[in-house]
file protein.cif (mmCIF, N, CA and C atoms and all ligand atoms)
data_model
loop_
_atom_site.label_atom_id
_atom_site.label_comp_id
_atom_site.auth_asym_id
_atom_site.auth_seq_id
_atom_site.Cartn_x
_atom_site.Cartn_y
_atom_site.Cartn_z
N MET A 20 -121.00 -88.21 103.86
CA MET A 20 -120.24 -88.85 104.96
C MET A 20 -118.93 -88.08 105.18
N ASN A 21 -118.68 -87.68 106.41
CA ASN A 21 -117.44 -86.97 106.72
C ASN A 21 -116.36 -87.95 107.17
N CYS A 22 -115.12 -87.53 107.02
CA CYS A 22 -113.99 -88.34 107.48
C CYS A 22 -114.10 -88.55 108.98
N LYS A 23 -113.86 -89.77 109.42
CA LYS A 23 -114.00 -90.04 110.85
C LYS A 23 -112.80 -89.52 111.65
N HIS A 24 -111.73 -89.15 110.97
CA HIS A 24 -110.56 -88.63 111.66
C HIS A 24 -110.57 -87.11 111.76
N CYS A 25 -110.79 -86.44 110.63
CA CYS A 25 -110.67 -84.98 110.62
C CYS A 25 -112.00 -84.28 110.31
N GLU A 26 -113.06 -85.07 110.10
CA GLU A 26 -114.40 -84.52 109.83
C GLU A 26 -114.48 -83.75 108.53
N ALA A 27 -113.49 -83.88 107.68
CA ALA A 27 -113.57 -83.23 106.37
C ALA A 27 -114.66 -83.90 105.53
N PRO A 28 -115.40 -83.13 104.75
CA PRO A 28 -116.45 -83.73 103.92
C PRO A 28 -115.88 -84.72 102.92
N ASN A 29 -116.54 -85.84 102.77
CA ASN A 29 -116.08 -86.88 101.85
C ASN A 29 -117.28 -87.32 101.02
N ARG A 30 -117.84 -86.39 100.28
CA ARG A 30 -119.08 -86.65 99.54
C ARG A 30 -118.92 -87.70 98.45
N GLU A 31 -117.71 -87.77 97.90
CA GLU A 31 -117.49 -88.73 96.82
C GLU A 31 -117.22 -90.14 97.33
N GLY A 32 -117.15 -90.28 98.64
CA GLY A 32 -116.97 -91.61 99.23
C GLY A 32 -115.60 -92.20 99.01
N TRP A 33 -114.56 -91.39 99.05
CA TRP A 33 -113.20 -91.91 98.92
C TRP A 33 -112.88 -92.87 100.05
N PHE A 34 -112.13 -93.90 99.73
CA PHE A 34 -111.72 -94.88 100.74
C PHE A 34 -110.75 -94.22 101.72
N TYR A 35 -109.84 -93.41 101.19
CA TYR A 35 -108.92 -92.66 102.03
C TYR A 35 -109.28 -91.18 101.95
N CYS A 36 -109.26 -90.52 103.09
CA CYS A 36 -109.61 -89.11 103.17
C CYS A 36 -108.65 -88.28 102.32
N LYS A 37 -109.22 -87.36 101.53
CA LYS A 37 -108.39 -86.51 100.67
C LYS A 37 -107.71 -85.40 101.48
N THR A 38 -108.18 -85.18 102.69
CA THR A 38 -107.64 -84.10 103.51
C THR A 38 -106.51 -84.58 104.42
N CYS A 39 -106.77 -85.67 105.18
CA CYS A 39 -105.76 -86.12 106.14
C CYS A 39 -105.05 -87.40 105.68
N GLY A 40 -105.55 -88.07 104.66
CA GLY A 40 -104.90 -89.25 104.12
C GLY A 40 -105.16 -90.53 104.88
N LYS A 41 -105.98 -90.43 105.93
CA LYS A 41 -106.31 -91.63 106.68
C LYS A 41 -107.55 -92.30 106.11
N ARG A 42 -107.82 -93.49 106.56
CA ARG A 42 -109.02 -94.20 106.15
C ARG A 42 -110.25 -93.39 106.54
N ALA A 43 -111.03 -93.01 105.56
CA ALA A 43 -112.13 -92.10 105.81
C ALA A 43 -113.33 -92.77 106.44
N SER A 44 -113.45 -94.05 106.25
CA SER A 44 -114.70 -94.70 106.67
C SER A 44 -114.44 -95.86 107.61
N SER A 45 -115.54 -96.38 108.13
CA SER A 45 -115.45 -97.45 109.12
C SER A 45 -115.21 -98.80 108.47
N ARG A 46 -114.94 -99.79 109.28
CA ARG A 46 -114.67 -101.15 108.83
C ARG A 46 -115.89 -101.74 108.11
N LYS A 47 -117.06 -101.45 108.58
CA LYS A 47 -118.29 -101.94 107.97
C LYS A 47 -118.33 -101.56 106.49
N PHE A 48 -117.95 -100.33 106.24
CA PHE A 48 -117.95 -99.83 104.87
C PHE A 48 -116.93 -100.60 104.01
N THR A 49 -115.76 -100.91 104.57
CA THR A 49 -114.75 -101.63 103.80
C THR A 49 -115.22 -103.04 103.46
N ASN A 50 -116.00 -103.66 104.34
CA ASN A 50 -116.54 -104.98 104.03
C ASN A 50 -117.50 -104.91 102.86
N ILE A 51 -118.28 -103.84 102.80
CA ILE A 51 -119.18 -103.65 101.66
C ILE A 51 -118.36 -103.48 100.39
N MET A 52 -117.28 -102.72 100.48
CA MET A 52 -116.39 -102.52 99.34
C MET A 52 -115.83 -103.86 98.87
N PHE A 53 -115.49 -104.72 99.82
CA PHE A 53 -114.96 -106.04 99.47
C PHE A 53 -116.00 -106.85 98.71
N MET A 54 -117.23 -106.80 99.17
CA MET A 54 -118.28 -107.58 98.52
C MET A 54 -118.55 -107.09 97.10
N ARG A 55 -118.23 -105.82 96.85
CA ARG A 55 -118.41 -105.27 95.50
C ARG A 55 -117.19 -105.50 94.62
N SER A 56 -116.10 -106.04 95.20
CA SER A 56 -114.88 -106.26 94.44
C SER A 56 -115.02 -107.52 93.58
N GLU A 57 -114.04 -107.79 92.79
CA GLU A 57 -114.07 -108.94 91.88
C GLU A 57 -114.24 -110.26 92.64
N VAL A 58 -113.52 -110.40 93.74
CA VAL A 58 -113.62 -111.64 94.51
C VAL A 58 -115.02 -111.77 95.09
N GLY A 59 -115.57 -110.66 95.57
CA GLY A 59 -116.90 -110.67 96.17
C GLY A 59 -117.99 -111.08 95.20
N LYS A 60 -117.80 -110.79 93.92
CA LYS A 60 -118.79 -111.12 92.90
C LYS A 60 -118.83 -112.61 92.60
N ARG A 61 -117.73 -113.26 92.84
CA ARG A 61 -117.63 -114.67 92.46
C ARG A 61 -118.47 -115.53 93.39
N THR A 62 -119.23 -116.41 92.82
CA THR A 62 -120.08 -117.29 93.61
C THR A 62 -119.52 -118.70 93.64
N ASP A 63 -118.46 -118.94 92.87
CA ASP A 63 -117.90 -120.29 92.82
C ASP A 63 -116.86 -120.53 93.91
N ILE A 64 -116.57 -119.52 94.71
CA ILE A 64 -115.65 -119.71 95.82
C ILE A 64 -116.45 -119.83 97.11
N GLU A 65 -116.31 -120.94 97.76
CA GLU A 65 -116.97 -121.11 99.05
C GLU A 65 -115.91 -120.98 100.12
N PHE A 66 -115.81 -119.79 100.66
CA PHE A 66 -114.74 -119.49 101.60
C PHE A 66 -114.82 -120.37 102.85
N SER A 67 -116.01 -120.68 103.27
CA SER A 67 -116.16 -121.39 104.53
C SER A 67 -115.91 -122.88 104.41
N THR A 68 -116.21 -123.47 103.26
CA THR A 68 -116.12 -124.92 103.15
C THR A 68 -114.95 -125.41 102.31
N THR A 69 -114.44 -124.57 101.45
CA THR A 69 -113.37 -125.00 100.55
C THR A 69 -112.11 -124.20 100.83
N SER A 70 -111.02 -124.87 101.01
CA SER A 70 -109.77 -124.17 101.20
C SER A 70 -109.31 -123.60 99.87
N MET A 71 -108.47 -122.61 99.92
CA MET A 71 -108.00 -121.97 98.69
C MET A 71 -107.26 -122.98 97.80
N ASP A 72 -106.48 -123.85 98.40
CA ASP A 72 -105.74 -124.85 97.63
C ASP A 72 -106.69 -125.77 96.87
N LYS A 73 -107.71 -126.23 97.57
CA LYS A 73 -108.70 -127.11 96.94
C LYS A 73 -109.40 -126.39 95.81
N HIS A 74 -109.72 -125.13 96.06
CA HIS A 74 -110.42 -124.35 95.04
C HIS A 74 -109.55 -124.21 93.78
N ILE A 75 -108.28 -123.89 93.97
CA ILE A 75 -107.37 -123.73 92.83
C ILE A 75 -107.24 -125.03 92.06
N ALA A 76 -107.14 -126.13 92.79
CA ALA A 76 -107.05 -127.44 92.15
C ALA A 76 -108.29 -127.72 91.32
N LYS A 77 -109.45 -127.38 91.84
CA LYS A 77 -110.71 -127.60 91.13
C LYS A 77 -110.78 -126.74 89.87
N VAL A 78 -110.42 -125.48 90.00
CA VAL A 78 -110.47 -124.56 88.86
C VAL A 78 -109.52 -125.04 87.77
N THR A 79 -108.32 -125.48 88.16
CA THR A 79 -107.33 -125.99 87.20
C THR A 79 -107.89 -127.20 86.46
N LYS A 80 -108.53 -128.08 87.19
CA LYS A 80 -109.11 -129.29 86.61
C LYS A 80 -110.22 -128.93 85.62
N ASP A 81 -111.12 -128.04 86.05
CA ASP A 81 -112.22 -127.60 85.19
C ASP A 81 -111.70 -126.97 83.91
N LYS A 82 -110.63 -126.20 84.03
CA LYS A 82 -110.04 -125.52 82.89
C LYS A 82 -109.50 -126.53 81.88
N LYS A 83 -108.84 -127.56 82.40
CA LYS A 83 -108.29 -128.60 81.53
C LYS A 83 -109.40 -129.32 80.79
N ILE A 84 -110.50 -129.60 81.51
CA ILE A 84 -111.63 -130.28 80.88
C ILE A 84 -112.23 -129.41 79.78
N ARG A 85 -112.36 -128.11 80.08
CA ARG A 85 -112.91 -127.16 79.10
C ARG A 85 -112.03 -127.09 77.86
N GLN A 86 -110.72 -127.00 78.08
CA GLN A 86 -109.79 -126.90 76.95
C GLN A 86 -109.82 -128.17 76.10
N ALA A 87 -109.91 -129.31 76.76
CA ALA A 87 -109.98 -130.59 76.06
C ALA A 87 -111.23 -130.62 75.18
N LYS A 88 -112.33 -130.10 75.70
CA LYS A 88 -113.59 -130.07 74.96
C LYS A 88 -113.50 -129.14 73.76
N VAL A 89 -112.86 -128.00 73.95
CA VAL A 89 -112.68 -127.03 72.85
C VAL A 89 -111.93 -127.70 71.71
N TRP A 90 -110.85 -128.39 72.03
CA TRP A 90 -110.05 -129.04 71.00
C TRP A 90 -110.82 -130.17 70.33
N GLU A 91 -111.61 -130.89 71.11
CA GLU A 91 -112.44 -131.96 70.57
C GLU A 91 -113.41 -131.39 69.53
N ASP A 92 -114.04 -130.26 69.89
CA ASP A 92 -114.98 -129.60 68.97
C ASP A 92 -114.28 -129.12 67.70
N ARG A 93 -113.07 -128.59 67.87
CA ARG A 93 -112.32 -128.07 66.72
C ARG A 93 -111.94 -129.21 65.77
N VAL A 94 -111.53 -130.32 66.35
CA VAL A 94 -111.15 -131.48 65.52
C VAL A 94 -112.38 -131.99 64.77
N ARG A 95 -113.52 -132.03 65.46
CA ARG A 95 -114.76 -132.50 64.83
C ARG A 95 -115.14 -131.56 63.69
N GLN A 96 -115.05 -130.25 63.97
CA GLN A 96 -115.38 -129.23 62.96
C GLN A 96 -114.47 -129.38 61.74
N ALA A 97 -113.18 -129.61 62.00
CA ALA A 97 -112.20 -129.74 60.93
C ALA A 97 -112.49 -130.97 60.07
N SER A 98 -112.93 -132.02 60.68
CA SER A 98 -113.18 -133.26 59.94
C SER A 98 -114.46 -133.13 59.09
N ILE A 99 -115.41 -132.29 59.55
CA ILE A 99 -116.62 -132.03 58.76
C ILE A 99 -116.27 -131.24 57.52
N ASN A 100 -115.45 -130.22 57.73
CA ASN A 100 -115.04 -129.39 56.60
C ASN A 100 -114.00 -130.15 55.77
ZN ZN B 1 -109.64 -86.94 107.17
#
call {"tool": "encode", "arguments": {"input": "protein.cif", "output": "C-alpha cells", "more": "lines below"}}
Ligand SMILES: [Zn+2]
result
Amino acid sequence: MNCKHCEAPNREGWFYCKTCGKRASSRKFTNIMFMRSEVGKRTDIEFSTTSMDKHIAKVTKDKKIRQAKVWEDRVRQASIN
C-alpha cells in the first residue's frame, strides 16, 4: 500500500507515512486499527446501549463484589488453617 499523499511505498503499513509524515492510509483502515486496539477487543462495553458513565459505574460495582468475594474466600481459608 502506497501513501495516499505522496505515493511513497508503505509496505510495513505505518499509520503515518515515513516519507511525508501525513496519515498514510484511509479512514476505513483506521477503523480496522481501532477494532484491533484494546478497546476494540473488549466485549463488555456496549457503545450503542450503555453510556460511558453507566459502564464505569457497573465496572466499579462488579470490582467491589469481586474484591468482597476474594476477602471472603481468604477469611474462610484462614479459618480452615
Ligand atoms: Zn506520504
call {"tool": "residues_near_ligand", "arguments": {"input": "protein.cif", "ligand": "ligand ZN 1 (chain B)", "cutoff": "9 Å", "atoms": "only C-alpha atoms and all ligand atoms", "output": "list of chain:residue names"}}
result
A:Asn21, A:Cys22, A:Lys23, A:His24, A:Cys25, A:Glu26, A:Ala27, A:Pro28, A:Asn29, A:Tyr35, A:Cys36, A:Lys37, A:Thr38, A:Cys39, A:Gly40, A:Lys41, A:Arg42, A:Ala43
call {"tool": "atom_distance", "arguments": {"input": "protein.cif", "atom1": "atom N of Ser98 (chain A)", "atom2": "atom N of Gln86 (chain A)"}}
result
18.2 Å
call {"tool": "atom_distance", "arguments": {"input": "protein.cif", "atom1": "atom C of Ala97 (chain A)", "atom2": "atom C of Arg85 (chain A)"}}
result
18.2 Å
call {"tool": "atom_distance", "arguments": {"input": "protein.cif", "atom1": "CA of Gly32 (chain A)", "atom2": "atom C of Met20 (chain A)"}}
result
7.2 Å
